[in-house]
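One file, work.cif, is given below (mmCIF, C-alpha atoms).
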data_model
loop_
_atom_site.label_atom_id
_atom_site.label_comp_id
_atom_site.auth_asym_id
_atom_site.auth_seq_id
_atom_site.Cartn_x
_atom_site.Cartn_y
_atom_site.Cartn_z
CA MET Z 1 0.00 0.00 0.00
CA ALA Z 2 2.84 2.32 0.79
CA THR Z 3 4.23 1.93 -2.72
CA GLN Z 4 0.77 2.62 -4.11
CA GLN Z 5 0.73 5.99 -2.39
CA ASN Z 6 4.16 6.90 -3.65
CA LYS Z 7 3.13 6.04 -7.19
CA SER Z 8 0.05 8.22 -7.40
CA ALA Z 9 2.11 11.29 -8.11
CA LEU Z 10 -0.43 12.41 -10.71
CA GLU Z 11 -1.94 15.56 -9.39
CA VAL Z 12 -5.68 15.91 -9.99
CA MET Z 13 -6.42 19.39 -11.23
CA PRO Z 14 -9.69 21.15 -10.40
CA ARG Z 15 -12.50 21.29 -12.95
CA ASP Z 16 -12.33 24.12 -15.44
CA GLU Z 17 -15.96 25.18 -15.24
CA ALA Z 18 -15.72 27.59 -18.18
CA LYS Z 19 -14.43 24.81 -20.43
CA ILE Z 20 -17.14 22.37 -19.32
CA LYS Z 21 -19.78 25.05 -19.85
CA LYS Z 22 -18.51 25.56 -23.40
CA ILE Z 23 -18.79 21.81 -24.11
CA TRP Z 24 -22.42 21.76 -23.01
CA LYS Z 25 -23.10 24.92 -25.01
CA THR Z 26 -21.73 23.22 -28.15
CA ALA Z 27 -23.92 20.20 -27.40
CA GLY Z 28 -26.92 22.52 -27.15
CA ILE Z 29 -26.11 24.08 -30.53
CA LEU Z 30 -25.76 20.64 -32.16
CA LEU Z 31 -29.08 19.44 -30.76
CA LEU Z 32 -30.76 22.71 -31.76
CA LEU Z 33 -29.48 22.45 -35.35
CA THR Z 34 -30.77 18.85 -35.52
CA LEU Z 35 -34.13 20.04 -34.22
CA VAL Z 36 -34.25 22.79 -36.88
CA GLU Z 37 -33.56 20.17 -39.58
CA PHE Z 38 -36.34 18.08 -38.12
CA VAL Z 39 -38.87 20.92 -38.24
CA PHE Z 40 -37.85 21.86 -41.79
CA ALA Z 41 -38.33 18.24 -42.92
CA PHE Z 42 -42.04 18.53 -42.16
CA THR Z 43 -42.79 22.18 -42.90
CA LEU Z 44 -40.85 23.17 -46.03
CA PRO Z 45 -41.75 21.82 -49.49
CA ARG Z 46 -39.31 19.22 -50.84
CA GLY Z 47 -36.98 20.60 -53.45
CA PHE Z 48 -33.60 22.07 -54.19
CA LEU Z 49 -33.85 24.85 -51.58
CA LEU Z 50 -34.66 22.42 -48.76
CA TYR Z 51 -31.82 20.08 -49.73
CA PHE Z 52 -29.44 23.01 -49.85
CA ILE Z 53 -30.50 24.09 -46.34
CA PHE Z 54 -30.08 20.52 -45.05
CA ILE Z 55 -26.57 20.17 -46.45
CA ALA Z 56 -25.54 23.62 -45.21
CA LEU Z 57 -26.79 22.78 -41.68
CA THR Z 58 -25.01 19.41 -41.81
CA ILE Z 59 -21.68 20.99 -42.75
CA TRP Z 60 -22.22 23.57 -40.01
CA LYS Z 61 -22.71 20.75 -37.48
CA ALA Z 62 -19.64 18.94 -38.83
CA LYS Z 63 -17.61 22.09 -38.26
CA TYR Z 64 -18.72 22.24 -34.61
CA ILE Z 65 -17.84 18.56 -34.03
CA MET Z 66 -14.40 18.90 -35.61
CA MET Z 67 -13.47 22.21 -34.01
CA GLU Z 68 -15.05 21.94 -30.55
CA PHE Z 69 -15.10 18.19 -29.86
CA MET Z 70 -12.05 17.00 -31.78
CA HIS Z 71 -10.08 20.22 -31.03
CA LEU Z 72 -8.75 20.34 -34.58
CA GLY Z 73 -8.50 24.13 -34.33
CA GLU Z 74 -6.04 23.82 -31.45
CA GLU Z 75 -3.62 21.60 -33.40
CA ALA Z 76 -0.58 23.03 -35.19
CA LYS Z 77 -1.54 24.83 -38.41
CA PRO Z 78 0.23 22.34 -40.75
CA LEU Z 79 -1.70 19.45 -39.17
CA PHE Z 80 -4.95 21.41 -39.43
CA TYR Z 81 -4.42 22.09 -43.14
CA SER Z 82 -3.21 18.55 -43.91
CA ILE Z 83 -6.58 17.29 -42.66
CA ILE Z 84 -8.80 20.00 -44.19
CA VAL Z 85 -7.18 20.68 -47.57
CA PRO Z 86 -7.44 17.09 -48.98
CA LEU Z 87 -11.20 17.31 -48.44
CA ILE Z 88 -11.35 19.80 -51.34
CA PHE Z 89 -11.06 16.77 -53.66
CA LEU Z 90 -14.48 15.67 -52.43
CA VAL Z 91 -16.07 18.79 -53.91
CA TRP Z 92 -15.06 17.62 -57.36
CA LEU Z 93 -16.29 14.08 -56.66
CA VAL Z 94 -19.71 15.44 -55.68
CA ILE Z 95 -19.93 17.60 -58.84
CA ALA Z 96 -18.80 14.75 -61.12
CA LEU Z 97 -21.10 12.09 -59.70
CA VAL Z 98 -24.16 14.34 -59.44
CA LYS Z 99 -23.67 15.22 -63.12
CA GLU Z 100 -23.28 11.52 -63.95
CA GLY Z 101 -26.38 10.61 -61.94
CA SER Z 102 -28.55 13.22 -63.61
CA ASP Z 103 -27.34 12.10 -67.05
CA ILE Z 104 -28.35 8.52 -66.20
CA PHE Z 105 -31.72 9.92 -65.12
CA ILE Z 106 -32.22 11.63 -68.50
CA MET Z 107 -31.25 8.48 -70.43
CA ARG Z 108 -33.39 6.15 -68.38
CA TRP Z 109 -36.63 8.00 -67.67
CA MET H 1 16.39 21.32 -31.09
CA SER H 2 16.34 18.05 -29.24
CA THR H 3 13.99 15.51 -30.70
CA THR H 4 14.60 12.58 -28.38
CA ALA H 5 12.55 11.58 -25.38
CA THR H 6 10.34 14.62 -25.53
CA ALA H 7 7.24 12.71 -26.60
CA ILE H 8 4.89 11.79 -23.79
CA GLY H 9 4.91 8.20 -22.72
CA VAL H 10 7.20 6.94 -25.49
CA SER H 11 10.36 5.09 -24.61
CA PRO H 12 13.47 7.02 -25.73
CA LYS H 13 14.71 3.72 -27.20
CA ARG H 14 12.16 3.99 -29.97
CA GLY H 15 13.98 6.80 -31.71
CA VAL H 16 12.86 9.61 -33.96
CA TRP H 17 10.96 7.49 -36.51
CA GLY H 18 9.32 5.18 -33.97
CA GLY H 19 7.28 7.80 -32.18
CA GLY H 20 10.11 9.27 -30.15
CA ASN H 21 9.36 12.80 -31.25
CA GLU H 22 6.31 14.94 -31.80
CA PRO H 23 6.06 16.30 -35.32
CA LEU H 24 3.46 19.05 -35.66
CA LYS H 25 3.34 19.20 -31.85
CA ALA H 26 0.98 16.22 -31.72
CA SER H 27 2.01 12.86 -30.32
CA TYR H 28 2.75 10.04 -32.75
CA GLY H 29 -0.41 8.16 -31.79
CA LYS H 30 -2.68 11.16 -32.15
CA LEU H 31 -1.13 12.08 -35.48
CA MET H 32 -1.67 8.57 -36.83
CA MET H 33 -5.24 8.59 -35.57
CA TRP H 34 -5.87 11.82 -37.49
CA PHE H 35 -4.46 10.38 -40.71
CA PHE H 36 -6.46 7.18 -40.26
CA LEU H 37 -9.57 9.30 -39.80
CA LEU H 38 -8.74 11.27 -42.96
CA SER H 39 -8.62 8.00 -44.93
CA ASP H 40 -11.88 6.90 -43.29
CA ILE H 41 -13.47 10.23 -44.26
CA PHE H 42 -12.68 9.38 -47.88
CA THR H 43 -14.18 5.89 -47.52
CA PHE H 44 -17.43 7.20 -46.11
CA ALA H 45 -17.45 10.12 -48.55
CA ALA H 46 -17.19 7.66 -51.45
CA LEU H 47 -20.15 5.67 -50.09
CA LEU H 48 -22.30 8.72 -49.40
CA ILE H 49 -21.52 10.40 -52.72
CA THR H 50 -22.45 7.12 -54.44
CA TYR H 51 -25.75 7.40 -52.60
CA ILE H 52 -26.28 10.95 -53.90
CA SER H 53 -25.35 9.87 -57.42
CA LEU H 54 -27.81 6.96 -57.48
CA ARG H 55 -30.44 9.08 -55.77
CA VAL H 56 -30.42 11.70 -58.53
CA SER H 57 -30.56 8.98 -61.22
CA PHE H 58 -34.06 8.00 -60.00
CA PRO H 59 -37.23 10.11 -60.11
CA SER H 60 -38.55 11.46 -56.81
CA TYR H 61 -42.01 10.63 -55.58
CA GLY H 62 -44.08 13.56 -56.79
CA GLY H 63 -47.56 12.87 -55.44
CA PRO H 64 -49.17 13.84 -52.14
CA VAL H 65 -47.67 12.28 -49.02
CA ASP H 66 -50.92 10.61 -47.83
CA THR H 67 -51.29 8.46 -50.93
CA PHE H 68 -47.69 7.22 -51.06
CA VAL H 69 -47.20 3.61 -52.09
CA GLY H 70 -43.83 1.90 -52.34
CA SER H 71 -42.62 1.30 -55.89
CA ASN H 72 -39.30 0.63 -57.59
CA GLU H 73 -40.22 3.26 -60.18
CA TYR H 74 -39.28 6.18 -57.90
CA TRP H 75 -37.23 6.91 -54.78
CA PRO H 76 -39.29 6.76 -51.56
CA VAL H 77 -39.92 9.68 -49.21
CA PRO H 78 -37.82 8.82 -46.11
CA GLU H 79 -40.35 10.04 -43.55
CA LEU H 80 -42.79 7.46 -44.92
CA VAL H 81 -40.29 4.60 -44.73
CA PHE H 82 -38.83 5.27 -41.32
CA ASP H 83 -41.99 5.99 -39.38
CA ALA H 84 -42.08 3.27 -36.73
CA ILE H 85 -40.92 3.25 -33.12
CA PRO H 86 -40.59 0.24 -30.81
CA PHE H 87 -43.57 -0.95 -28.72
CA VAL H 88 -46.04 1.14 -30.72
CA HIS H 89 -47.35 -0.98 -33.55
CA GLY H 90 -48.85 0.39 -36.74
CA VAL H 91 -48.77 4.05 -35.73
CA HIS H 92 -47.32 6.59 -38.17
CA ILE H 93 -44.72 8.58 -36.21
CA PRO H 94 -42.28 9.74 -38.86
CA LEU H 95 -38.58 10.06 -38.08
CA ALA H 96 -39.08 10.09 -34.29
CA PHE H 97 -37.01 6.99 -33.64
CA VAL H 98 -34.08 8.00 -35.82
CA GLY H 99 -34.22 11.44 -34.23
CA LEU H 100 -33.83 9.78 -30.87
CA MET H 101 -30.87 7.75 -32.16
CA THR H 102 -29.21 10.95 -33.37
CA PHE H 103 -29.74 12.57 -29.97
CA ILE H 104 -28.22 9.56 -28.21
CA LEU H 105 -25.13 9.58 -30.42
CA ILE H 106 -24.59 13.34 -30.06
CA LEU H 107 -24.97 13.07 -26.28
CA SER H 108 -22.48 10.19 -26.15
CA SER H 109 -20.07 12.43 -28.08
CA VAL H 110 -20.56 15.09 -25.40
CA THR H 111 -19.81 12.67 -22.55
CA MET H 112 -16.74 11.54 -24.51
CA VAL H 113 -15.38 15.07 -24.75
CA LEU H 114 -16.02 15.44 -21.01
CA ALA H 115 -13.99 12.26 -20.43
CA VAL H 116 -11.15 13.71 -22.51
CA GLU H 117 -11.34 16.94 -20.52
CA ALA H 118 -11.18 14.96 -17.26
CA GLY H 119 -8.17 13.08 -18.65
CA HIS H 120 -6.33 16.37 -19.14
CA ARG H 121 -6.86 17.02 -15.42
CA ASN H 122 -5.71 13.47 -14.44
CA ASP H 123 -9.07 13.05 -12.74
CA LYS H 124 -9.48 9.27 -12.77
CA LYS H 125 -12.92 9.31 -11.14
CA ASP H 126 -14.37 11.66 -13.75
CA VAL H 127 -12.72 9.83 -16.65
CA VAL H 128 -14.24 6.52 -15.54
CA LYS H 129 -17.64 8.11 -14.97
CA TRP H 130 -17.86 9.83 -18.36
CA LEU H 131 -16.44 6.83 -20.24
CA LEU H 132 -19.14 4.68 -18.71
CA TRP H 133 -21.84 7.10 -19.90
CA THR H 134 -20.28 7.13 -23.38
CA LEU H 135 -20.18 3.35 -23.41
CA LEU H 136 -23.83 3.24 -22.42
CA GLY H 137 -24.74 5.70 -25.20
CA GLY H 138 -22.86 3.63 -27.77
CA ILE H 139 -24.55 0.39 -26.76
CA THR H 140 -27.98 2.06 -26.75
CA PHE H 141 -27.35 3.44 -30.23
CA LEU H 142 -26.35 -0.01 -31.51
CA SER H 143 -29.45 -1.59 -29.98
CA CYS H 144 -31.64 1.03 -31.64
CA GLN H 145 -29.96 0.34 -34.96
CA ALA H 146 -30.53 -3.41 -34.57
CA TRP H 147 -34.24 -2.71 -34.07
CA GLU H 148 -34.29 -0.32 -37.00
CA TRP H 149 -32.72 -2.96 -39.27
CA SER H 150 -35.06 -5.66 -38.08
CA HIS H 151 -38.07 -3.46 -38.79
CA PHE H 152 -36.69 -2.47 -42.20
CA ILE H 153 -36.11 -6.12 -43.15
CA HIS H 154 -39.47 -7.41 -41.96
CA GLY H 155 -41.45 -4.49 -43.36
CA THR H 156 -45.02 -3.33 -42.95
CA PRO H 157 -48.06 -5.64 -42.61
CA SER H 158 -49.49 -4.52 -45.97
CA GLY H 159 -46.33 -4.61 -48.10
CA SER H 160 -46.27 -3.14 -51.63
CA LEU H 161 -47.04 -4.50 -55.07
CA ILE H 162 -43.68 -4.54 -56.87
CA THR H 163 -42.87 -5.61 -60.42
CA TYR H 164 -39.29 -6.79 -60.71
CA VAL H 165 -36.98 -9.27 -62.42
CA ASN H 166 -36.24 -12.14 -60.05
CA ASN H 167 -33.02 -14.12 -59.89
CA MET H 168 -34.36 -16.64 -62.42
CA GLY H 169 -34.62 -13.85 -64.99
CA GLN H 170 -38.44 -13.80 -64.93
CA THR H 171 -40.46 -10.64 -64.51
CA VAL H 172 -42.78 -11.07 -61.55
CA SER H 173 -45.43 -8.87 -59.97
CA GLU H 174 -46.12 -9.66 -56.35
CA ILE H 175 -46.71 -8.19 -52.92
CA VAL H 176 -43.29 -7.68 -51.35
CA PHE H 177 -42.82 -7.38 -47.58
CA GLY H 178 -39.78 -5.72 -46.07
CA ALA H 179 -36.42 -5.61 -47.78
CA ASN H 180 -33.53 -7.71 -48.98
CA LEU H 181 -30.69 -7.02 -51.37
CA SER H 182 -32.63 -7.79 -54.56
CA VAL H 183 -36.08 -6.34 -53.86
CA ASN H 184 -37.84 -4.24 -51.23
CA GLU H 185 -41.26 -2.78 -50.60
CA TYR H 186 -40.07 0.81 -50.18
CA GLY H 187 -38.36 1.74 -53.43
CA PRO H 188 -35.72 0.71 -55.99
CA ALA H 189 -33.41 -2.19 -55.05
CA ASN H 190 -30.58 0.37 -54.82
CA PHE H 191 -32.35 2.07 -51.94
CA ALA H 192 -32.21 -0.95 -49.63
CA GLN H 193 -28.73 -1.95 -50.81
CA LEU H 194 -27.34 1.47 -49.97
CA PHE H 195 -29.21 1.52 -46.67
CA PHE H 196 -27.76 -1.83 -45.63
CA PHE H 197 -24.25 -1.05 -46.80
CA ILE H 198 -23.87 2.49 -45.45
CA THR H 199 -25.68 2.17 -42.12
CA GLY H 200 -24.09 -1.27 -41.74
CA PHE H 201 -20.59 0.09 -42.32
CA HIS H 202 -21.29 2.89 -39.87
CA GLY H 203 -22.68 0.41 -37.35
CA PHE H 204 -19.49 -1.63 -37.72
CA HIS H 205 -17.51 1.49 -36.83
CA VAL H 206 -19.72 2.09 -33.80
CA THR H 207 -19.19 -1.53 -32.70
CA LEU H 208 -15.41 -1.10 -32.93
CA GLY H 209 -15.77 2.17 -31.03
CA VAL H 210 -17.70 0.45 -28.25
CA LEU H 211 -14.94 -2.18 -27.94
CA LEU H 212 -12.28 0.55 -27.79
CA LEU H 213 -14.33 2.47 -25.21
CA PHE H 214 -14.60 -0.64 -23.08
CA LEU H 215 -10.81 -1.04 -23.29
CA ALA H 216 -10.28 2.58 -22.23
CA PHE H 217 -12.89 2.28 -19.47
CA TYR H 218 -11.24 -0.87 -18.09
CA GLN H 219 -7.70 0.50 -18.29
CA ALA H 220 -8.69 3.80 -16.70
CA ALA H 221 -10.64 2.06 -13.93
CA VAL H 222 -7.80 -0.29 -12.92
CA GLY H 223 -5.36 2.62 -12.95
CA ILE H 224 -3.17 1.73 -15.93
CA TYR H 225 -3.30 5.29 -17.29
CA GLU H 226 -2.58 6.74 -13.87
CA GLU H 227 0.53 4.60 -13.69
CA ARG H 228 1.49 5.59 -17.24
CA GLY H 229 1.24 9.22 -16.19
CA HIS H 230 -1.21 10.44 -18.85
CA TYR H 231 -4.65 9.77 -20.30
CA GLU H 232 -3.70 10.15 -23.95
CA MET H 233 -5.41 6.89 -24.95
CA VAL H 234 -8.75 8.40 -23.92
CA GLU H 235 -8.03 11.32 -26.22
CA LYS H 236 -7.21 9.08 -29.20
CA ILE H 237 -10.29 6.90 -28.74
CA GLY H 238 -12.24 10.13 -28.28
CA LEU H 239 -11.13 11.32 -31.73
CA TYR H 240 -12.40 8.07 -33.23
CA TRP H 241 -15.70 8.31 -31.37
CA HIS H 242 -16.32 11.89 -32.49
CA PHE H 243 -15.61 10.80 -36.05
CA VAL H 244 -18.30 8.11 -35.79
CA ASP H 245 -20.70 10.83 -34.65
CA LEU H 246 -19.57 13.08 -37.49
CA VAL H 247 -20.35 10.37 -40.06
CA TRP H 248 -23.77 9.79 -38.55
CA VAL H 249 -24.62 13.48 -38.96
CA PHE H 250 -24.13 13.04 -42.72
CA VAL H 251 -25.90 9.65 -42.85
CA PHE H 252 -28.84 11.20 -41.01
CA THR H 253 -29.16 14.07 -43.47
CA LEU H 254 -28.79 11.99 -46.63
CA PHE H 255 -30.88 8.96 -45.69
CA TYR H 256 -33.54 10.32 -43.43
CA LEU H 257 -34.03 13.94 -44.44
CA ILE H 258 -33.38 14.25 -48.17
#

How does this structure look as C-alpha cells?
Amino acid sequence: MATQQNKSALEVMPRDEAKIKKIWKTAGILLLLTLVEFVFAFTLPRGFLLYFIFIALTIWKAKYIMMEFMHLGEEAKPLFYSIIVPLIFLVWLVIALVKEGSDIFIMRW
Amino acid sequence: MSTTATAIGVSPKRGVWGGGNEPLKASYGKLMMWFFLLSDIFTFAALLITYISLRVSFPSYGGPVDTFVGSNEYWPVPELVFDAIPFVHGVHIPLAFVGLMTFILILSSVTMVLAVEAGHRNDKKDVVKWLLWTLLGGITFLSCQAWEWSHFIHGTPSGSLITYVNNMGQTVSEIVFGANLSVNEYGPANFAQLFFFITGFHGFHVTLGVLLLFLAFYQAAVGIYEERGHYEMVEKIGLYWHFVDLVWVFVFTLFYLI
C-alpha cells in the first residue's frame, strides 16, 4: 500500500468550469441544429432549396464537431491544413457524380 | 532542437521514426489517428456520394404524401419509410425513432469530450464516470440500430405491389414485404442496398468504437493510465468516437431527411 501511495504522483487538477460550460453549449447548438432540420423536414416543401439548407446545416454541425469536440483548431496549423485541404477533392467528386447521376436519369426516364 | 525523449509516454529507445518525437506538436499516436480518420473520411465520402449519385438517377415521388405507395419506379420519401418506433405498432410517427438515435449519439459524443477533458486534469474518477456514460450511449445506439434494421427487413403488414426481375430472370409482380438485397417494398433495389451497406458500415464502426471504449474504461478504472502518467489513450479513442458521430450526422441528413 505504501508503494501505491508513492506512485500516485499524478496531481488531480480542479475542474475548469468555463471549459465544461462551453462543451455543453456546443452540445446545445448541435441538438438545436438537428431540431431545426427536423422541423424543416415537415414544414418546407421538398426541393432544391430544402436540400441546400439541409446540407448547409449538416456541414455547419460537422464544423462544430471537428473544431469543438475534436479540437482540430487547437492543433498546429500544418496538421490542421493537412486534414482540411485534402477534403477539397471531395467537392469535385460530388460535382462529377451528381452530373453523372442526372445524365443517367435523362437516359433512363 | 532536441527531438529525443520529448514525446509523452514513449520510450526514448524507440527513436525519432518510432514515435520518439512529436512532429506538428501532436504525439505520434494522435497524429496517426488523425491520418487514419482522414482515410476513413474518404471511404465514407465515397459511399455517401455514391448514394447521392444513385439518388439523382431516379425520379422522386411527386404525389401527395398521404397516398404514397412503395414502388421501384421512384425513390421513396424517407419520412414514410422510417416511421415506426418500438412498442407502438402500426402508428405513423415519422422520423421520431431516428431522431432519438441521433440525440443519443450526439450526447455520447458530449460525454466523450467530457472524459477527454477529465483526462487532461488526471481526474481518474471523472474519466471513468464519463467513459461509462459514453459506453452506455454507444450500446444504446447499436441496440436502436438493430431494431431499425429488423423493422426495415421485416417491413409493414401490408407490403407493396412490386414488379421486378427475379433471380431466375423472370419478370414477376407480387406483394413484397420488407427488404432484402434484390427487392424491397419501399423503393428501388438500390435504396435498400445502400441503406444496408452504409448504415451497416457505420454500425461496424460504432461496434469497434464500443470495444475501444470498453478497453479505455477498463484501463482507466484499474489505474493503468494513472501509472502511465497520462490519459492520452482516452483522447485518441475520443477522436475516433467523435468521427463516428460526425459520419452519422451526414448519414442522417442523406438517408432520413433528403

Starting from chain Z, keep only residues with some atom at most 7 Å from an atom of chain H, counting only C-alpha atoms, and report them as a PyMOL selection string.
chain Z and resi 10-13+27+31+41+51+54+58+62+65+69-70+76+78-79+83+94+97-98+101-102+104-105

With C-alpha atoms retained, write the just-selected residues as a short mmCIF file (atom, residue, chain, number, x, y, z; two decimals), in the coordinates of the input.
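again-v3.cif was written with the following content:
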data_model
loop_
_atom_site.label_atom_id
_atom_site.label_comp_id
_atom_site.auth_asym_id
_atom_site.auth_seq_id
_atom_site.Cartn_x
_atom_site.Cartn_y
_atom_site.Cartn_z
CA LEU Z 10 -0.43 12.41 -10.71
CA GLU Z 11 -1.94 15.56 -9.39
CA VAL Z 12 -5.68 15.91 -9.99
CA MET Z 13 -6.42 19.39 -11.23
CA ALA Z 27 -23.92 20.20 -27.40
CA LEU Z 31 -29.08 19.44 -30.76
CA ALA Z 41 -38.33 18.24 -42.92
CA TYR Z 51 -31.82 20.08 -49.73
CA PHE Z 54 -30.08 20.52 -45.05
CA THR Z 58 -25.01 19.41 -41.81
CA ALA Z 62 -19.64 18.94 -38.83
CA ILE Z 65 -17.84 18.56 -34.03
CA PHE Z 69 -15.10 18.19 -29.86
CA MET Z 70 -12.05 17.00 -31.78
CA ALA Z 76 -0.58 23.03 -35.19
CA PRO Z 78 0.23 22.34 -40.75
CA LEU Z 79 -1.70 19.45 -39.17
CA ILE Z 83 -6.58 17.29 -42.66
CA VAL Z 94 -19.71 15.44 -55.68
CA LEU Z 97 -21.10 12.09 -59.70
CA VAL Z 98 -24.16 14.34 -59.44
CA GLY Z 101 -26.38 10.61 -61.94
CA SER Z 102 -28.55 13.22 -63.61
CA ILE Z 104 -28.35 8.52 -66.20
CA PHE Z 105 -31.72 9.92 -65.12
#

Taking the file as shown, find all residues satisfying the PyMOL selection byres ((chain H and resi 200) around 12) and write them as a VMD selection string.
chain H and resid 44 47 142 145 to 146 148 to 149 192 to 199 201 to 207 248 251

Residue subset to file, keeping C-alpha atoms, as a compact mmCIF listing (two decimals), in the frame of the given file:
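The result, stored in part_19.txt:
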# COMPACT_ATOMS: atom_id res chain seq x y z
CA PHE H 44 -17.43 7.20 -46.11
CA LEU H 47 -20.15 5.67 -50.09
CA LEU H 142 -26.35 -0.01 -31.51
CA GLN H 145 -29.96 0.34 -34.96
CA ALA H 146 -30.53 -3.41 -34.57
CA GLU H 148 -34.29 -0.32 -37.00
CA TRP H 149 -32.72 -2.96 -39.27
CA ALA H 192 -32.21 -0.95 -49.63
CA GLN H 193 -28.73 -1.95 -50.81
CA LEU H 194 -27.34 1.47 -49.97
CA PHE H 195 -29.21 1.52 -46.67
CA PHE H 196 -27.76 -1.83 -45.63
CA PHE H 197 -24.25 -1.05 -46.80
CA ILE H 198 -23.87 2.49 -45.45
CA THR H 199 -25.68 2.17 -42.12
CA PHE H 201 -20.59 0.09 -42.32
CA HIS H 202 -21.29 2.89 -39.87
CA GLY H 203 -22.68 0.41 -37.35
CA PHE H 204 -19.49 -1.63 -37.72
CA HIS H 205 -17.51 1.49 -36.83
CA VAL H 206 -19.72 2.09 -33.80
CA THR H 207 -19.19 -1.53 -32.70
CA TRP H 248 -23.77 9.79 -38.55
CA VAL H 251 -25.90 9.65 -42.85

A straight line from CA of Val88 (chain H) to CA of Thr156 (chain H) spans 13.1 Å

May I ask for the distance between CA of Val222 (chain H) and CA of Ile20 (chain Z), given in Å to one decimal place?
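Pair CA of Val222 (chain H) / CA of Ile20 (chain Z) returns 25.3 Å.
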
Neighbour list for region 180-189 of chain H as a PDB file with C-alpha atoms, keeping the file's coordinate frame, cut-off 8 Å, all atoms listed in the file, skip fewer than 3 positions in-chain:
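The resulting selection.pdb:
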ATOM      1  CA  VAL H  69     -47.200   3.610 -52.090  1.00  0.00           C
ATOM      2  CA  GLY H  70     -43.830   1.900 -52.340  1.00  0.00           C
ATOM      3  CA  SER H  71     -42.620   1.300 -55.890  1.00  0.00           C
ATOM      4  CA  ASN H  72     -39.300   0.630 -57.590  1.00  0.00           C
ATOM      5  CA  GLU H  73     -40.220   3.260 -60.180  1.00  0.00           C
ATOM      6  CA  TYR H  74     -39.280   6.180 -57.900  1.00  0.00           C
ATOM      7  CA  TRP H  75     -37.230   6.910 -54.780  1.00  0.00           C
ATOM      8  CA  PRO H  76     -39.290   6.760 -51.560  1.00  0.00           C
ATOM      9  CA  VAL H  81     -40.290   4.600 -44.730  1.00  0.00           C
ATOM     10  CA  ILE H 153     -36.110  -6.120 -43.150  1.00  0.00           C
ATOM     11  CA  GLY H 155     -41.450  -4.490 -43.360  1.00  0.00           C
ATOM     12  CA  GLY H 159     -46.330  -4.610 -48.100  1.00  0.00           C
ATOM     13  CA  SER H 160     -46.270  -3.140 -51.630  1.00  0.00           C
ATOM     14  CA  LEU H 161     -47.040  -4.500 -55.070  1.00  0.00           C
ATOM     15  CA  ILE H 162     -43.680  -4.540 -56.870  1.00  0.00           C
ATOM     16  CA  TYR H 164     -39.290  -6.790 -60.710  1.00  0.00           C
ATOM     17  CA  ASN H 166     -36.240 -12.140 -60.050  1.00  0.00           C
ATOM     18  CA  VAL H 176     -43.290  -7.680 -51.350  1.00  0.00           C
ATOM     19  CA  PHE H 177     -42.820  -7.380 -47.580  1.00  0.00           C
ATOM     20  CA  ALA H 192     -32.210  -0.950 -49.630  1.00  0.00           C
ATOM     21  CA  GLN H 193     -28.730  -1.950 -50.810  1.00  0.00           C
TER      22      GLN H 193
END

So the first atom is CA of Val65 (chain H) and the second is CA of Phe48 (chain Z); what is the distance between them in Å, to one decimal place?
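Computing the Euclidean distance for CA of Val65 (chain H) and CA of Phe48 (chain Z) yields 17.9 Å.
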
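Picked by the PyMOL selection byres ((chain H and resi 173) around 6) from the coordinates shown: Ile162, Thr163, Val172 and Glu174 of chain H.
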
Translate the PyMOL selection byres ((chain H and resi 93) around 6), as applied to the file shown, into an explicit residue set as an NGL selection string.
:H and (83-84 or 92 or 94)
